[in-house]
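Asks: Below is one structure. I have some questions about it.
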Amino acid sequence: MAEIALVEDARRGITLEVLVAGEEGRDAAVLVPSALRGGADFADLQASLAEDGYRTLALNPRGAGASTPPASDLTLRDLADDVALVAAALGGGRVHLVGHALGNVVVRATASYRPEVAASVAVMPCGGHNLGAYPVAPEVIEAFMRCHDDTCPAEERLLALQIAFFAPGNDASAWLDGWWPASNLGAVSMQTDPEEWWRAGTAPVLIMQPREDAMAPTQAGRDSAAAFGDRATYVEVPRCGHAILPEQPAVIAANLVAFLRAHPLEP
């Protein structure tokens, strides 16, 4: 069971809520969730990583949980500084970075803007920097907007979740709850030139690419892995879509633990 910690930065006037699991002093990872989602999405992964000896810090981004709402002039560099703040306050400063969906942009930006923080970077999937080559279909964007609209009937939202996030046959009801509409940070990444951040600095990178992802196709992940070269570990995950965490939790945990063991923090 994760414990709640509040991290404050008086200079910037922000408070960030973090769900903490695992023993203090262990190698730590900061986990950053998907757009409009919160750190609770990582509950199963946090439990698995704690069993394997890791400390995890699942961030509620600005506007989620008790974290400060996003400012109108927020930048991607600000979000990277948020991750660095959590790493310094709760993780010893240098940590592994794990990002899901929009979180994959944030952790790669952190590794680029704040390289001293990033021991390694794991993303699921890798995308967001190459939307010109791999645009999201209009019907998927439309479905995404209905996923978190609580004025829509549950049946309509389930269908939207299935279209935007879940592979056929997987239970989309796992994401009926857990939405934070005030944590609307997707546009922040669009306002920054991807050339500034998409390479994740010089850190080793794990890419876990779903094979049935309506937002980030497998070829986008393959292209990224090829561009990262020897820094990349690339895994395609069958029977899952963009949600990935509730769809294939055991596969995600096993691949992430193997990657973290291969890239331990320096003593």
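By convention in this document, the chains of the structure tokens carry letters A, B, ... by their order, each chain's residues are numbered from 1, and ligands are numbered from 1 in the order they are shown.
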For Asn170 in chain A, please output as a list of chain:residue names all residues within 8 Å (counting only C-alpha atoms; exclusion window: fewer than 6 positions along the same chain).

Replies: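 Near neighbours after the sequence-gap exclusion: A:Arg239, A:Cys240, A:Glu247.
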
Asks: Just the selected residues (N, CA and C atoms), exported as an mmCIF file, in the first residue's frame, please.

Replies:
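part-v7.cif was written with the following content:
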data_model
loop_
_atom_site.group_PDB
_atom_site.id
_atom_site.type_symbol
_atom_site.label_atom_id
_atom_site.label_comp_id
_atom_site.auth_asym_id
_atom_site.auth_seq_id
_atom_site.Cartn_x
_atom_site.Cartn_y
_atom_site.Cartn_z
ATOM 1 N N ARG A 239 -1.326 -7.871 -27.071
ATOM 2 C CA ARG A 239 -2.632 -7.855 -26.420
ATOM 3 C C ARG A 239 -2.806 -6.660 -25.480
ATOM 4 N N CYS A 240 -2.348 -5.503 -25.930
ATOM 5 C CA CYS A 240 -2.632 -4.296 -25.146
ATOM 6 C C CYS A 240 -2.594 -3.069 -26.045
ATOM 7 N N GLU A 247 -3.684 -3.450 -18.641
ATOM 8 C CA GLU A 247 -3.881 -4.519 -19.618
ATOM 9 C C GLU A 247 -2.870 -5.653 -19.461
#

Asks: Can you list every residue in range 5-145 of chain A that DSSP puts in helix (DSSP H, G or I), as an MDAnalysis selection string?

Replies: chainID A and resid 39:51 76:90 102:113 138:145

Asks: Could you turn the residues from that selection into a file that holds N, CA and C atoms, as a short mmCIF file (atom, residue, chain, number, x, y, z; two decimals), in the first residue's frame?

Replies:
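File produced: again_19.cif:
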data_model
loop_
_atom_site.label_atom_id
_atom_site.label_comp_id
_atom_site.auth_asym_id
_atom_site.auth_seq_id
_atom_site.Cartn_x
_atom_site.Cartn_y
_atom_site.Cartn_z
N GLY A 39 -1.24 9.20 -10.21
CA GLY A 39 -0.26 8.21 -9.79
C GLY A 39 -0.85 6.88 -9.40
N ALA A 40 -2.13 6.84 -9.04
CA ALA A 40 -2.77 5.59 -8.64
C ALA A 40 -2.77 4.56 -9.77
N ASP A 41 -2.61 5.00 -11.01
CA ASP A 41 -2.56 4.05 -12.13
C ASP A 41 -1.38 3.09 -11.99
N PHE A 42 -0.38 3.48 -11.20
CA PHE A 42 0.81 2.65 -11.04
C PHE A 42 0.74 1.71 -9.84
N ALA A 43 -0.42 1.57 -9.21
CA ALA A 43 -0.49 0.81 -7.95
C ALA A 43 0.04 -0.61 -8.10
N ASP A 44 -0.38 -1.32 -9.13
CA ASP A 44 0.11 -2.69 -9.32
C ASP A 44 1.60 -2.72 -9.60
N LEU A 45 2.07 -1.80 -10.41
CA LEU A 45 3.49 -1.75 -10.73
C LEU A 45 4.30 -1.40 -9.48
N GLN A 46 3.80 -0.48 -8.67
CA GLN A 46 4.50 -0.13 -7.44
C GLN A 46 4.63 -1.34 -6.52
N ALA A 47 3.56 -2.12 -6.41
CA ALA A 47 3.62 -3.31 -5.56
C ALA A 47 4.65 -4.30 -6.07
N SER A 48 4.69 -4.50 -7.37
CA SER A 48 5.66 -5.43 -7.96
C SER A 48 7.09 -4.94 -7.75
N LEU A 49 7.32 -3.65 -7.95
CA LEU A 49 8.67 -3.12 -7.81
C LEU A 49 9.12 -3.13 -6.35
N ALA A 50 8.19 -2.90 -5.43
CA ALA A 50 8.54 -2.97 -4.00
C ALA A 50 8.98 -4.38 -3.63
N GLU A 51 8.30 -5.39 -4.16
CA GLU A 51 8.68 -6.78 -3.88
C GLU A 51 10.08 -7.08 -4.41
N LEU A 76 7.01 22.72 -20.56
CA LEU A 76 7.51 21.36 -20.39
C LEU A 76 8.72 21.33 -19.47
N ARG A 77 9.51 22.38 -19.51
CA ARG A 77 10.65 22.47 -18.59
C ARG A 77 10.16 22.53 -17.14
N ASP A 78 9.04 23.21 -16.88
CA ASP A 78 8.46 23.23 -15.54
C ASP A 78 8.09 21.83 -15.08
N LEU A 79 7.50 21.04 -15.98
CA LEU A 79 7.11 19.67 -15.62
C LEU A 79 8.35 18.83 -15.34
N ALA A 80 9.42 19.05 -16.10
CA ALA A 80 10.68 18.36 -15.82
C ALA A 80 11.22 18.76 -14.46
N ASP A 81 11.12 20.03 -14.12
CA ASP A 81 11.57 20.49 -12.81
C ASP A 81 10.73 19.88 -11.69
N ASP A 82 9.44 19.64 -11.96
CA ASP A 82 8.59 18.97 -10.97
C ASP A 82 9.11 17.57 -10.66
N VAL A 83 9.46 16.85 -11.72
CA VAL A 83 10.00 15.50 -11.53
C VAL A 83 11.32 15.55 -10.77
N ALA A 84 12.17 16.50 -11.11
CA ALA A 84 13.44 16.65 -10.41
C ALA A 84 13.23 17.00 -8.94
N LEU A 85 12.22 17.79 -8.65
CA LEU A 85 11.90 18.14 -7.27
C LEU A 85 11.53 16.89 -6.46
N VAL A 86 10.69 16.04 -7.03
CA VAL A 86 10.29 14.81 -6.36
C VAL A 86 11.50 13.89 -6.17
N ALA A 87 12.34 13.81 -7.19
CA ALA A 87 13.54 12.98 -7.09
C ALA A 87 14.44 13.44 -5.97
N ALA A 88 14.63 14.75 -5.83
CA ALA A 88 15.51 15.29 -4.79
C ALA A 88 14.91 15.11 -3.40
N ALA A 89 13.60 15.33 -3.29
CA ALA A 89 12.96 15.30 -1.97
C ALA A 89 12.78 13.89 -1.42
N LEU A 90 12.52 12.93 -2.31
CA LEU A 90 12.11 11.60 -1.84
C LEU A 90 12.97 10.47 -2.39
N LEU A 102 1.45 10.32 -21.93
CA LEU A 102 2.01 11.67 -21.82
C LEU A 102 3.21 11.69 -20.89
N GLY A 103 3.19 10.83 -19.89
CA GLY A 103 4.34 10.75 -18.98
C GLY A 103 5.62 10.40 -19.69
N ASN A 104 5.53 9.72 -20.84
CA ASN A 104 6.74 9.40 -21.59
C ASN A 104 7.42 10.66 -22.12
N VAL A 105 6.61 11.66 -22.46
CA VAL A 105 7.17 12.94 -22.88
C VAL A 105 7.84 13.63 -21.70
N VAL A 106 7.17 13.62 -20.56
CA VAL A 106 7.68 14.32 -19.38
C VAL A 106 9.00 13.72 -18.90
N VAL A 107 9.10 12.40 -18.87
CA VAL A 107 10.34 11.81 -18.36
C VAL A 107 11.49 11.98 -19.36
N ARG A 108 11.19 11.95 -20.65
CA ARG A 108 12.26 12.21 -21.62
C ARG A 108 12.71 13.67 -21.55
N ALA A 109 11.75 14.57 -21.31
CA ALA A 109 12.12 15.97 -21.14
C ALA A 109 12.96 16.15 -19.87
N THR A 110 12.62 15.43 -18.82
CA THR A 110 13.40 15.52 -17.59
C THR A 110 14.84 15.06 -17.83
N ALA A 111 14.99 13.95 -18.55
CA ALA A 111 16.33 13.45 -18.84
C ALA A 111 17.11 14.41 -19.72
N SER A 112 16.42 15.19 -20.53
CA SER A 112 17.07 16.15 -21.42
C SER A 112 17.41 17.45 -20.70
N TYR A 113 16.43 17.99 -19.96
CA TYR A 113 16.63 19.27 -19.29
C TYR A 113 17.38 19.13 -17.97
N PRO A 138 -8.57 11.13 -36.10
CA PRO A 138 -9.60 12.01 -35.50
C PRO A 138 -10.59 11.26 -34.63
N GLU A 139 -10.99 10.05 -35.04
CA GLU A 139 -11.98 9.31 -34.26
C GLU A 139 -11.41 8.85 -32.92
N VAL A 140 -10.09 8.67 -32.86
CA VAL A 140 -9.46 8.29 -31.60
C VAL A 140 -9.39 9.51 -30.67
N ILE A 141 -9.06 10.66 -31.23
CA ILE A 141 -9.06 11.89 -30.42
C ILE A 141 -10.45 12.18 -29.89
N GLU A 142 -11.45 12.01 -30.73
CA GLU A 142 -12.84 12.23 -30.30
C GLU A 142 -13.21 11.27 -29.18
N ALA A 143 -12.81 10.02 -29.29
CA ALA A 143 -13.09 9.03 -28.25
C ALA A 143 -12.38 9.41 -26.95
N PHE A 144 -11.14 9.86 -27.06
CA PHE A 144 -10.40 10.28 -25.87
C PHE A 144 -11.15 11.36 -25.10
N MET A 145 -11.74 12.30 -25.80
CA MET A 145 -12.46 13.39 -25.13
C MET A 145 -13.69 12.89 -24.38
#

Asks: Would you please work out which residue, of A:Ala118, A:Met215, A:Ala28, A:Ala232, is nearest to Gly53 in chain A when using only C-alpha atoms?

Replies: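 Of the candidates, the smallest distance to Gly53 in chain A is held by A:Ala28.
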
Asks: Considering only C-alpha atoms, tabulate each residue of range 175-247 of chain A that lies at most 6 Å from range 61-67 of chain A along with its nearest interatomic pair and the corresponding distance in Å to one decimal; arrange the rows by chain and ascending residue number and present them as a Markdown table.

Replies:
| residue | atom | partner | partner_atom | distance |
| --- | --- | --- | --- | --- |
| A:Trp180 | CA | A:Ala64 | CA | 5.4 |
| A:Ala182 | CA | A:Gly63 | CA | 4.9 |
| A:Ser183 | CA | A:Gly63 | CA | 4.0 |

Asks: Next, write the just-selected residues to a file, as a PDB file, in the first residue's frame, keeping N, CA and C atoms as the atom set.

Replies:
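Final output, result.pdb:
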ATOM      1  N   TRP A 180      -8.606  13.033 -13.821  1.00  0.00           N
ATOM      2  CA  TRP A 180      -8.415  14.353 -13.217  1.00  0.00           C
ATOM      3  C   TRP A 180      -8.461  15.397 -14.337  1.00  0.00           C
ATOM      4  N   ALA A 182      -8.750  18.471 -14.384  1.00  0.00           N
ATOM      5  CA  ALA A 182      -7.985  19.699 -14.135  1.00  0.00           C
ATOM      6  C   ALA A 182      -6.512  19.535 -14.467  1.00  0.00           C
ATOM      7  N   SER A 183      -6.066  18.296 -14.601  1.00  0.00           N
ATOM      8  CA  SER A 183      -4.660  18.033 -14.927  1.00  0.00           C
ATOM      9  C   SER A 183      -4.493  17.950 -16.440  1.00  0.00           C
TER      10      SER A 183
END

Asks: Residues at most 8 Å from range 148-155 of chain A, counting only C-alpha atoms, excluding those fewer than 3 positions away in the same chain, as a list in words?

Replies: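 Close residues of range 148-155 of chain A: Phe144, Met145, Leu158, Leu159, Leu176, Trp179 and Pro181 of chain A.
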
Asks: Any chance you can output those residues with N, CA, C and O atoms as a compact mmCIF listing (two decimals), in the first residue's frame?

Replies:
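What ended up in selection_15.txt:
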# COMPACT_ATOMS: atom_id res chain seq x y z
N PHE A 144 -11.14 9.86 -27.06
CA PHE A 144 -10.40 10.28 -25.87
C PHE A 144 -11.15 11.36 -25.10
O PHE A 144 -11.21 11.34 -23.86
N MET A 145 -11.74 12.30 -25.80
CA MET A 145 -12.46 13.39 -25.13
C MET A 145 -13.69 12.89 -24.38
O MET A 145 -14.13 13.51 -23.43
N LEU A 158 -17.33 3.63 -21.85
CA LEU A 158 -16.65 2.35 -22.04
C LEU A 158 -16.28 2.12 -23.50
O LEU A 158 -15.17 1.66 -23.81
N LEU A 159 -17.18 2.46 -24.38
CA LEU A 159 -16.89 2.33 -25.80
C LEU A 159 -15.75 3.26 -26.21
O LEU A 159 -14.84 2.87 -26.96
N LEU A 176 -12.71 3.58 -15.99
CA LEU A 176 -13.88 4.44 -15.86
C LEU A 176 -13.65 5.51 -14.80
O LEU A 176 -14.15 6.64 -14.90
N TRP A 179 -9.92 9.74 -13.31
CA TRP A 179 -9.64 10.87 -14.19
C TRP A 179 -9.53 12.18 -13.40
O TRP A 179 -10.28 12.40 -12.45
N PRO A 181 -9.66 15.85 -14.74
CA PRO A 181 -9.76 16.80 -15.85
C PRO A 181 -8.98 18.09 -15.65
O PRO A 181 -8.57 18.72 -16.64

Asks: Smallest atom-to-atom distance to Val30 in chain A: which of A:Val117, A:Met1, A:Val136, A:Met190, using only C-alpha atoms?

Replies: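 Using only C-alpha atoms, the shortest distance to Val30 in chain A belongs to A:Val117.
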
Asks: Could you tell me which of A:Arg222, A:Arg55, A:Arg12, A:His263 comes closest to Met208 in chain A if we count only C-alpha atoms?

Replies: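 Closest to Met208 in chain A, using only C-alpha atoms: A:Arg222.
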
Asks: Kindly indicate which residue among A:Gly169, A:Leu57, A:Pro204, A:Leu36 lies nearest to Leu19 in chain A, using only C-alpha atoms for the distances.

Replies: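 Of A:Gly169, A:Leu57, A:Pro204, A:Leu36, the one nearest Leu19 in chain A is A:Leu57, counting only C-alpha atoms.
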
Asks: Under the rule that only C-alpha atoms are counted, which of A:Pro70, A:Pro249, A:Pro264, A:Gly91 is the nearest residue to Ser120 in chain A?

Replies: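 For Ser120 in chain A, the nearest of the candidates is A:Pro264.
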
Asks: Within range 102-246 of chain A, find each residue whose DSSP state, derived from the backbone, is strand (DSSP E), and express the selection as a list in words.

Replies: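 Matching residues, listed in order: Ala118, Ala119, Ser120, Val121, Ala122, Val123, Met124, Val205, Leu206, Ile207, Met208, Gln209, Pro210, Ala232, Thr233, Tyr234, Val235, Glu236 and Val237 of chain A.
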
Asks: I need the residues from that last selection saved to file as a tab-separated table (two decimals), in the first residue's frame (with N, CA and C atoms), if you can.

Replies:
chain	number	residue	atom	x	y	z
A	118	ALA	N	18.50	11.68	-14.15
A	118	ALA	CA	18.07	10.48	-14.86
A	118	ALA	C	19.15	9.40	-14.91
A	119	ALA	N	18.97	8.36	-14.09
A	119	ALA	CA	19.84	7.19	-14.20
A	119	ALA	C	19.42	6.34	-15.40
A	120	SER	N	18.13	6.28	-15.65
A	120	SER	CA	17.59	5.58	-16.81
A	120	SER	C	16.20	6.11	-17.09
A	121	VAL	N	15.69	5.79	-18.27
A	121	VAL	CA	14.35	6.23	-18.68
A	121	VAL	C	13.61	5.03	-19.25
A	122	ALA	N	12.38	4.81	-18.77
A	122	ALA	CA	11.51	3.76	-19.31
A	122	ALA	C	10.21	4.40	-19.74
A	123	VAL	N	9.77	4.09	-20.97
A	123	VAL	CA	8.56	4.71	-21.50
A	123	VAL	C	7.62	3.63	-22.05
A	124	MET	N	6.32	3.92	-21.94
A	124	MET	CA	5.30	2.99	-22.44
A	124	MET	C	4.09	3.80	-22.91
A	205	VAL	N	17.51	3.82	-22.35
A	205	VAL	CA	16.06	3.94	-22.52
A	205	VAL	C	15.43	2.56	-22.75
A	206	LEU	N	14.40	2.27	-21.99
A	206	LEU	CA	13.55	1.10	-22.23
A	206	LEU	C	12.26	1.57	-22.90
A	207	ILE	N	11.94	0.99	-24.06
A	207	ILE	CA	10.68	1.27	-24.74
A	207	ILE	C	9.81	0.03	-24.67
A	208	MET	N	8.63	0.16	-24.07
A	208	MET	CA	7.64	-0.91	-24.06
A	208	MET	C	6.47	-0.45	-24.93
A	209	GLN	N	6.42	-0.96	-26.14
A	209	GLN	CA	5.48	-0.48	-27.15
A	209	GLN	C	4.32	-1.46	-27.31
A	210	PRO	N	3.08	-1.03	-27.02
A	210	PRO	CA	1.92	-1.92	-27.22
A	210	PRO	C	1.73	-2.24	-28.70
A	232	ALA	N	19.08	1.91	-26.38
A	232	ALA	CA	17.69	1.46	-26.31
A	232	ALA	C	17.57	-0.03	-26.04
A	233	THR	N	16.59	-0.36	-25.20
A	233	THR	CA	16.07	-1.71	-25.05
A	233	THR	C	14.63	-1.65	-25.53
A	234	TYR	N	14.30	-2.44	-26.53
A	234	TYR	CA	12.98	-2.33	-27.17
A	234	TYR	C	12.18	-3.61	-26.98
A	235	VAL	N	10.94	-3.47	-26.50
A	235	VAL	CA	10.04	-4.60	-26.27
A	235	VAL	C	8.67	-4.25	-26.82
A	236	GLU	N	8.09	-5.14	-27.62
A	236	GLU	CA	6.70	-4.98	-28.04
A	236	GLU	C	5.82	-5.87	-27.17
A	237	VAL	N	4.74	-5.29	-26.69
A	237	VAL	CA	3.87	-5.97	-25.74
A	237	VAL	C	2.57	-6.35	-26.44

Asks: Grab the CA of Ile252 in chain A to CA of Leu31 in chain A distance for me, in Å with one decimal place.

Replies: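 Atom-to-atom, CA of Ile252 in chain A to CA of Leu31 in chain A, that is 13.2 Å.
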
Asks: Determine, counting only C-alpha atoms, which protein, DNA and RNA residues have an atom within 9 Å of an atom of Ala220 in chain A; residues of the same chain fewer than 2 positions away are not included. Present the result as a PyMOL selection string.

Replies: chain A and resi 126-127+130+133-134+209+216-218+222-225

Asks: When you count only C-alpha atoms, which of these residues is closest to Asp9 in chain A: A:Thr68, A:Asp193, A:Gln248, A:Glu156?

Replies: A:Thr68

Asks: For Val188 in chain A, list every protein, DNA or RNA residue within 8 Å, evaluated using only C-alpha atoms, and leave out those in the same chain fewer than 4 positions away; present the list as a compact mmCIF listing (two decimals) with N, CA, C and O atoms, in the first residue's frame.

Replies:
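The resulting part17.txt:
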# COMPACT_ATOMS: atom_id res chain seq x y z
N LEU A 74 2.50 27.42 -17.97
CA LEU A 74 3.30 26.24 -17.67
C LEU A 74 4.06 25.77 -18.91
O LEU A 74 3.54 25.80 -20.02
N THR A 75 5.30 25.31 -18.70
CA THR A 75 6.10 24.81 -19.80
C THR A 75 6.53 23.37 -19.53
O THR A 75 6.45 22.88 -18.40
N LEU A 76 7.01 22.72 -20.56
CA LEU A 76 7.51 21.36 -20.39
C LEU A 76 8.72 21.33 -19.47
O LEU A 76 8.93 20.38 -18.71
N THR A 192 6.46 22.95 -27.24
CA THR A 192 7.92 22.91 -27.19
C THR A 192 8.44 22.09 -28.36
O THR A 192 7.91 21.03 -28.68
